[in-house]
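J.: Submitted below is the structure of interest, expressed as structure tokens.
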Amino acid sequence: MNCKMILGCLALAAGASAQAAGPVKIGFIATLSTPAGYIGEDERDAFNLAIQQGGGKLGGVPVELVIEDDGLKPANAKQAADRLLQSGVKLYTGVNFSNVLAAVVPGVVKSGAFYVSLNPGPSNFAGEKCDPNYFVASYQNDAFHTAGGVAANELGYKRVVLLAPNYQAGRDAIEGFKRTYKGEVAAEIYTKLDQSDFSVELARLRSLAPDAIYQFHPGGTGINFVKQYAAAGLNKTIPMLMPSFSMDARMIQATGDASLGAYTTGIWSMDFDNPQSKAFVEAFKKAYGRAPTDYAMQAYDTAQLIGAGLKATGGDLSKAAEFRAALRKPEFASLRGKFSMNVNQHPIQDLYLMRVEKGADGSLSPRLVRKLVSDDKDAYAQFCKMPS
């Protein structure tokens with residue numbers, strides 16, 4: 001057998017091997033049940049939209065989502081991740097809650113696999129525990145809350161009460177707000193992550209009579225809080241400021257006029273005036289018959305970021321250095337506009353103030369008021385000594 005024949009055989013073998021390998025599997029572990037299940041649904045649907053628009057591919061590479069419901073339980077998520085790792089899956093995303101993420105990420109990165117977060121960015125993984133195989137496409141947890149402090153200052157709120165669930169993201173929320181707020185914090189009130197009755201907290205708010213409240217409660221818990229806040233009449237006397245994921249499009253639909261006039265902070269709004277955002281909103285509505293939430297936007301951008309990494313490596317995740325390099329300097333049109341990665345592999349981005357208002361058709365949505373912060377960087381990056 002001559003050299004040309006040998007090379008030809010090798011090429012055929014390599015092609016057959018690549019074909020046999022099939023699409024790149026992405027472990028998508030998300031909360032798809034419980035009252036917070038709609039968050040996981042929006043994330044899954046937006047991620048799938050990006051894949052569908054790519055003809056079943058991200059970055060030109062065929063992909064397959066392997067979807068697991070964590071039920072908002074860290075143990076469930078860890079078990080799902082362990083199963084997927086054993087089956088050879090090397091790329092993960094999907095987790096929505098910080099306490100669940102904390103159970104998944106260590107095992108994933110220790111195994112040499114990659115995790116790209118589409119929502120939570122807890123402080124404990126942003127600083128000294130940063131890892132070259134862990135990326136965040138959304139925000140560091142404090143970001144919306146430091147913007148909340150800036151907004152409270154600009155809105156003239158001299159005395160506020162802070163409320164958040166007693167878990168990692170909730171504690172990050174309150175610390176982040178206090179980092180930039182210049183007024184008096186009248187009280188810090190920690191609630192339960194699955195709390196549904198806030199009568200005790202509302203009575204305390206009435207007695208404290210602050211200039212405003214800053215509250216962080218995601219999903220069904222946040223819907224209950226806002227409804228009860230309005231039913232108690234507090235929305236008429238004490239303005240509410242919150243991160244946008246405490247009053248997203250689905251929550252506004254569920255709370256109705258109870259959310260009218262509330263201020264939110266975030267990285268994106270449906271009325272953003274850039275072509276990629278407009279196209280995404282239209283495509284999502286057409287595909288699923290509902291408006292996209294911030295979670296959906298973040299999931300779509302995460303899919304694009306992962307696509308950039310897959311494109312750079314041809315889908316070969318064993319090319320770890322090349323995959324990391326592509327994610328560290330991403331080349332895609334983010335729905336939020338400007339987007340880059342800091343040294344801790346968390347975003348550098350602008351932060352905005354929105355207000356829930358009625359449009360010409362009578363529908364409620366967060367409308368852009370103004371930019372609050374340009375090129376925001378989280379406070380933990382300085383403690384990250386990222387290995388190459």
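By order of appearance in the structure tokens: chains A, B, ..., then residues from 1 within every chain, and ligands from 1 in the order shown.
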Return as a tab-separated table the residues of range 51-107 of chain A lying at most 12 Å from range 158-177 of chain A, together with the closest atom-to-atom pair for each and the distance in Å to one decimal, counting only C-alpha atoms, with rows in chain order and ascending residue number.
T.:
residue	atom	partner	partner_atom	distance
A:Asn96	CA	A:Ala169	CA	10.7
A:Phe97	CA	A:Ala169	CA	7.8
A:Ser98	CA	A:Ala169	CA	5.9
A:Asn99	CA	A:Gln168	CA	6.3
A:Val100	CA	A:Gln168	CA	10.0
A:Leu101	CA	A:Gln168	CA	10.3
A:Ala102	CA	A:Gln168	CA	9.3
J.: Fewer than 4 positions away in the same chain doesn't count, so skip those; otherwise give me all residues within 12 Å of Lys236 in chain A, counting only C-alpha atoms, as JSON, numbers by chain.
T.: {"A": [206, 211, 212, 229, 230, 231, 232, 240, 257, 258, 259, 260, 261, 262]}
J.: Under the rule of at most 8 Å, produce a per-residue listing of range 294-355 of chain A near range 57-62 of chain A: chain, number, name, the closest pair of atoms, and the distance in Å, as JSON lines, using only C-alpha atoms.
T.:
{"residue": "A:Ala303", "atom": "CA", "partner": "A:Leu58", "partner_atom": "CA", "distance": 7.1}
{"residue": "A:Gln304", "atom": "CA", "partner": "A:Leu58", "partner_atom": "CA", "distance": 7.0}
{"residue": "A:Ile306", "atom": "CA", "partner": "A:Leu58", "partner_atom": "CA", "distance": 7.3}
{"residue": "A:Gly307", "atom": "CA", "partner": "A:Gly59", "partner_atom": "CA", "distance": 4.1}
{"residue": "A:Ala308", "atom": "CA", "partner": "A:Gly59", "partner_atom": "CA", "distance": 5.6}
{"residue": "A:Gly309", "atom": "CA", "partner": "A:Gly59", "partner_atom": "CA", "distance": 7.6}
{"residue": "A:Leu310", "atom": "CA", "partner": "A:Gly59", "partner_atom": "CA", "distance": 5.8}
{"residue": "A:Lys311", "atom": "CA", "partner": "A:Gly59", "partner_atom": "CA", "distance": 4.5}
{"residue": "A:Gly314", "atom": "CA", "partner": "A:Val61", "partner_atom": "CA", "distance": 6.6}
{"residue": "A:Gly315", "atom": "CA", "partner": "A:Val61", "partner_atom": "CA", "distance": 5.9}
J.: Do a neighbour search on Ala80 in chain A at 8 Å with only C-alpha atoms, toss out local chain neighbours closer than 6 positions, and write the hits as an MDAnalysis selection string.
T.: chainID A and resid 29 68 70
J.: Which is closest to Gly127 in chain A among A:Asn342, A:Asp45, A:Ile348, A:Arg370, if we use only C-alpha atoms?
T.: A:Asn342
J.: Would you return as a list in words the members of range 212-270 of chain A that DSSP assigns to strand (DSSP E) on this structure's backbone?
T.: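 Those in range 212-270 of chain A that DSSP calls strand (DSSP E) are Ala212, Ile213, Tyr214, Gln215, Met240, Leu241, Met242, Pro243, Tyr263, Thr264, Thr265 and Gly266 of chain A.
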J.: Would you save the residues from that selection as a PDB file, in the first residue's frame, using C-alpha atoms?
T.:
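New file selection_32.pdb:
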ATOM      1  CA  ALA A 212     -38.917  52.957  49.140  1.00  0.00           C
ATOM      2  CA  ILE A 213     -38.154  49.245  49.217  1.00  0.00           C
ATOM      3  CA  TYR A 214     -35.645  47.289  47.202  1.00  0.00           C
ATOM      4  CA  GLN A 215     -36.762  43.680  46.885  1.00  0.00           C
ATOM      5  CA  MET A 240     -40.815  49.539  44.801  1.00  0.00           C
ATOM      6  CA  LEU A 241     -37.429  49.098  43.122  1.00  0.00           C
ATOM      7  CA  MET A 242     -36.156  45.666  42.090  1.00  0.00           C
ATOM      8  CA  PRO A 243     -33.938  43.769  39.643  1.00  0.00           C
ATOM      9  CA  TYR A 263     -38.791  50.419  38.758  1.00  0.00           C
ATOM     10  CA  THR A 264     -36.463  47.643  37.647  1.00  0.00           C
ATOM     11  CA  THR A 265     -32.754  47.421  36.885  1.00  0.00           C
ATOM     12  CA  GLY A 266     -31.127  45.142  34.347  1.00  0.00           C
TER      13      GLY A 266
END
J.: Neighbouring residues of Arg324 in chain A were defined as those with any atom within 9 Å, considering only C-alpha atoms; residues of the same chain fewer than 3 positions away were excluded. Please report them as JSON, numbers by chain.
T.: {"A": [132, 133, 135, 309, 319, 320, 321, 327, 328, 329]}
J.: Can I get the selection written as a PDB file, in the first residue's frame, with all heavy atoms?
T.:
ATOM      1  N   PRO A 132     -10.951  28.240  35.071  1.00  0.00           N
ATOM      2  CA  PRO A 132     -10.850  28.440  33.620  1.00  0.00           C
ATOM      3  C   PRO A 132     -11.949  27.760  32.811  1.00  0.00           C
ATOM      4  O   PRO A 132     -12.182  28.127  31.659  1.00  0.00           O
ATOM      5  CB  PRO A 132      -9.469  27.876  33.273  1.00  0.00           C
ATOM      6  CG  PRO A 132      -9.090  27.007  34.423  1.00  0.00           C
ATOM      7  CD  PRO A 132      -9.744  27.606  35.625  1.00  0.00           C
ATOM      8  N   ASN A 133     -12.628  26.778  33.397  1.00  0.00           N
ATOM      9  CA  ASN A 133     -13.690  26.070  32.675  1.00  0.00           C
ATOM     10  C   ASN A 133     -15.091  26.552  33.061  1.00  0.00           C
ATOM     11  O   ASN A 133     -16.082  25.945  32.672  1.00  0.00           O
ATOM     12  CB  ASN A 133     -13.593  24.562  32.911  1.00  0.00           C
ATOM     13  CG  ASN A 133     -12.499  23.928  32.062  1.00  0.00           C
ATOM     14  OD1 ASN A 133     -11.657  24.622  31.507  1.00  0.00           O
ATOM     15  ND2 ASN A 133     -12.514  22.618  31.961  1.00  0.00           N
ATOM     16  N   PHE A 135     -17.656  29.808  32.922  1.00  0.00           N
ATOM     17  CA  PHE A 135     -17.965  31.100  32.322  1.00  0.00           C
ATOM     18  C   PHE A 135     -19.381  31.516  32.699  1.00  0.00           C
ATOM     19  O   PHE A 135     -20.260  30.669  32.908  1.00  0.00           O
ATOM     20  CB  PHE A 135     -17.882  31.022  30.794  1.00  0.00           C
ATOM     21  CG  PHE A 135     -16.488  30.867  30.257  1.00  0.00           C
ATOM     22  CD1 PHE A 135     -15.862  29.627  30.248  1.00  0.00           C
ATOM     23  CD2 PHE A 135     -15.796  31.957  29.758  1.00  0.00           C
ATOM     24  CE1 PHE A 135     -14.577  29.477  29.756  1.00  0.00           C
ATOM     25  CE2 PHE A 135     -14.505  31.821  29.266  1.00  0.00           C
ATOM     26  CZ  PHE A 135     -13.897  30.572  29.265  1.00  0.00           C
ATOM     27  N   GLY A 309     -17.550  29.336  20.772  1.00  0.00           N
ATOM     28  CA  GLY A 309     -16.541  28.364  21.198  1.00  0.00           C
ATOM     29  C   GLY A 309     -16.531  27.121  20.328  1.00  0.00           C
ATOM     30  O   GLY A 309     -15.458  26.602  19.975  1.00  0.00           O
ATOM     31  N   LYS A 319     -10.094  20.473  22.565  1.00  0.00           N
ATOM     32  CA  LYS A 319      -9.288  21.670  22.298  1.00  0.00           C
ATOM     33  C   LYS A 319      -9.675  22.745  23.307  1.00  0.00           C
ATOM     34  O   LYS A 319     -10.237  23.790  22.965  1.00  0.00           O
ATOM     35  CB  LYS A 319      -9.510  22.146  20.865  1.00  0.00           C
ATOM     36  CG  LYS A 319      -9.084  21.145  19.795  1.00  0.00           C
ATOM     37  CD  LYS A 319      -9.380  21.675  18.395  1.00  0.00           C
ATOM     38  CE  LYS A 319      -8.935  20.697  17.325  1.00  0.00           C
ATOM     39  NZ  LYS A 319      -9.281  21.191  15.955  1.00  0.00           N
ATOM     40  N   ALA A 320      -9.382  22.455  24.554  1.00  0.00           N
ATOM     41  CA  ALA A 320      -9.849  23.289  25.657  1.00  0.00           C
ATOM     42  C   ALA A 320      -9.331  24.720  25.571  1.00  0.00           C
ATOM     43  O   ALA A 320     -10.077  25.675  25.807  1.00  0.00           O
ATOM     44  CB  ALA A 320      -9.455  22.661  26.990  1.00  0.00           C
ATOM     45  N   ALA A 321      -8.075  24.901  25.251  1.00  0.00           N
ATOM     46  CA  ALA A 321      -7.487  26.240  25.194  1.00  0.00           C
ATOM     47  C   ALA A 321      -8.175  27.090  24.129  1.00  0.00           C
ATOM     48  O   ALA A 321      -8.462  28.274  24.347  1.00  0.00           O
ATOM     49  CB  ALA A 321      -5.991  26.147  24.923  1.00  0.00           C
ATOM     50  N   LEU A 327     -14.400  31.983  24.052  1.00  0.00           N
ATOM     51  CA  LEU A 327     -15.375  32.501  25.008  1.00  0.00           C
ATOM     52  C   LEU A 327     -14.871  33.749  25.719  1.00  0.00           C
ATOM     53  O   LEU A 327     -15.664  34.609  26.115  1.00  0.00           O
ATOM     54  CB  LEU A 327     -15.749  31.421  26.033  1.00  0.00           C
ATOM     55  CG  LEU A 327     -16.974  30.545  25.685  1.00  0.00           C
ATOM     56  CD1 LEU A 327     -16.734  29.771  24.400  1.00  0.00           C
ATOM     57  CD2 LEU A 327     -17.314  29.594  26.825  1.00  0.00           C
ATOM     58  N   ARG A 328     -13.562  33.843  25.885  1.00  0.00           N
ATOM     59  CA  ARG A 328     -12.995  35.010  26.570  1.00  0.00           C
ATOM     60  C   ARG A 328     -13.047  36.270  25.694  1.00  0.00           C
ATOM     61  O   ARG A 328     -13.093  37.387  26.218  1.00  0.00           O
ATOM     62  CB  ARG A 328     -11.541  34.715  26.976  1.00  0.00           C
ATOM     63  CG  ARG A 328     -11.434  33.775  28.159  1.00  0.00           C
ATOM     64  CD  ARG A 328     -10.008  33.294  28.376  1.00  0.00           C
ATOM     65  NE  ARG A 328      -9.914  32.409  29.538  1.00  0.00           N
ATOM     66  CZ  ARG A 328      -8.861  31.638  29.804  1.00  0.00           C
ATOM     67  NH1 ARG A 328      -7.804  31.659  28.985  1.00  0.00           N
ATOM     68  NH2 ARG A 328      -8.857  30.859  30.875  1.00  0.00           N
ATOM     69  N   LYS A 329     -13.021  36.087  24.386  1.00  0.00           N
ATOM     70  CA  LYS A 329     -13.141  37.221  23.457  1.00  0.00           C
ATOM     71  C   LYS A 329     -14.236  36.900  22.449  1.00  0.00           C
ATOM     72  O   LYS A 329     -13.982  36.656  21.270  1.00  0.00           O
ATOM     73  CB  LYS A 329     -11.804  37.487  22.763  1.00  0.00           C
ATOM     74  CG  LYS A 329     -10.730  37.996  23.715  1.00  0.00           C
ATOM     75  CD  LYS A 329      -9.476  38.419  22.975  1.00  0.00           C
ATOM     76  CE  LYS A 329      -8.440  39.003  23.955  1.00  0.00           C
ATOM     77  NZ  LYS A 329      -7.203  39.433  23.270  1.00  0.00           N
TER      78      LYS A 329
END
J.: Would you work out the distance separating CA of Leu65 in chain A from CA of Met341 in chain A, expressed in Å to one decimal?
T.: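 Answer for the CA of Leu65 in chain A to CA of Met341 in chain A separation: 24.9 Å.
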J.: May I have all residues of range 165-234 of chain A that DSSP, computed from the backbone, assigns to helix (DSSP H, G or I), given as a PyMOL selection string?
T.: chain A and resi 168-180+199-208+219-231+234
J.: Those residues you just picked out, can you put them in a file as a compact mmCIF listing (two decimals), in the first residue's frame with C-alpha atoms?
T.:
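The file below, part23.txt, is the result:
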# COMPACT_ATOMS: atom_id res chain seq x y z
CA GLN A 168 -26.64 32.90 48.13
CA ALA A 169 -28.27 35.09 45.47
CA GLY A 170 -30.41 36.85 48.08
CA ARG A 171 -27.43 37.66 50.25
CA ASP A 172 -25.52 38.81 47.16
CA ALA A 173 -28.49 41.04 46.30
CA ILE A 174 -28.48 42.91 49.57
CA GLU A 175 -24.69 43.25 49.71
CA GLY A 176 -24.62 44.48 46.13
CA PHE A 177 -27.26 47.15 46.78
CA LYS A 178 -25.49 48.39 49.89
CA ARG A 179 -22.21 48.70 48.00
CA THR A 180 -23.51 51.66 45.96
CA SER A 199 -48.17 39.24 55.76
CA VAL A 200 -45.61 39.51 58.58
CA GLU A 201 -43.08 41.28 56.35
CA LEU A 202 -45.71 43.65 54.94
CA ALA A 203 -46.85 44.64 58.43
CA ARG A 204 -43.27 45.42 59.32
CA LEU A 205 -42.84 47.50 56.17
CA ARG A 206 -45.92 49.52 57.04
CA SER A 207 -44.53 50.29 60.49
CA LEU A 208 -41.06 51.19 59.14
CA GLY A 219 -40.44 33.49 40.00
CA GLY A 220 -43.62 32.51 41.81
CA THR A 221 -42.36 33.91 45.11
CA GLY A 222 -41.97 37.34 43.52
CA ILE A 223 -45.45 37.17 41.99
CA ASN A 224 -46.96 36.49 45.41
CA PHE A 225 -44.96 39.28 47.00
CA VAL A 226 -46.00 41.94 44.49
CA LYS A 227 -49.66 40.89 44.56
CA GLN A 228 -49.77 41.01 48.36
CA TYR A 229 -47.87 44.31 48.41
CA ALA A 230 -50.51 45.89 46.18
CA ALA A 231 -53.41 44.25 48.05
CA LEU A 234 -48.34 49.68 50.06
J.: Neighbouring residues of Tyr380 in chain A were defined as those with any atom within 10 Å, considering only C-alpha atoms; residues of the same chain fewer than 3 positions away were excluded. Please report them as a list in words.
T.: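 Contacts, in chain order: Ser123, Asn124, Phe125, Ala126, Gly127, Glu128, Cys130, Gln140, Asp142, Asn344, His346, Lys377, Phe383 and Cys384 of chain A.
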J.: Show which residues sit within 9 Å of Ala151 in chain A, as a ChimeraX atom specification. Count only C-alpha atoms, and ignore same-chain residues fewer than 5 positions away.
T.: /A:146,156-157,181,241,263,265,352-353,372
J.: Can you write just those residues out, C-alpha atoms, as a PDB file, in the first residue's frame?
T.:
ATOM      1  CA  THR A 146     -25.374  47.592  42.603  1.00  0.00           C
ATOM      2  CA  GLY A 156     -33.901  60.419  45.757  1.00  0.00           C
ATOM      3  CA  TYR A 157     -34.726  57.548  48.120  1.00  0.00           C
ATOM      4  CA  TYR A 181     -26.448  53.021  47.995  1.00  0.00           C
ATOM      5  CA  LEU A 241     -37.429  49.098  43.122  1.00  0.00           C
ATOM      6  CA  TYR A 263     -38.791  50.419  38.758  1.00  0.00           C
ATOM      7  CA  THR A 265     -32.754  47.421  36.885  1.00  0.00           C
ATOM      8  CA  TYR A 352     -30.123  50.210  32.840  1.00  0.00           C
ATOM      9  CA  LEU A 353     -33.180  51.537  34.685  1.00  0.00           C
ATOM     10  CA  LEU A 372     -27.358  53.729  34.993  1.00  0.00           C
TER      11      LEU A 372
END
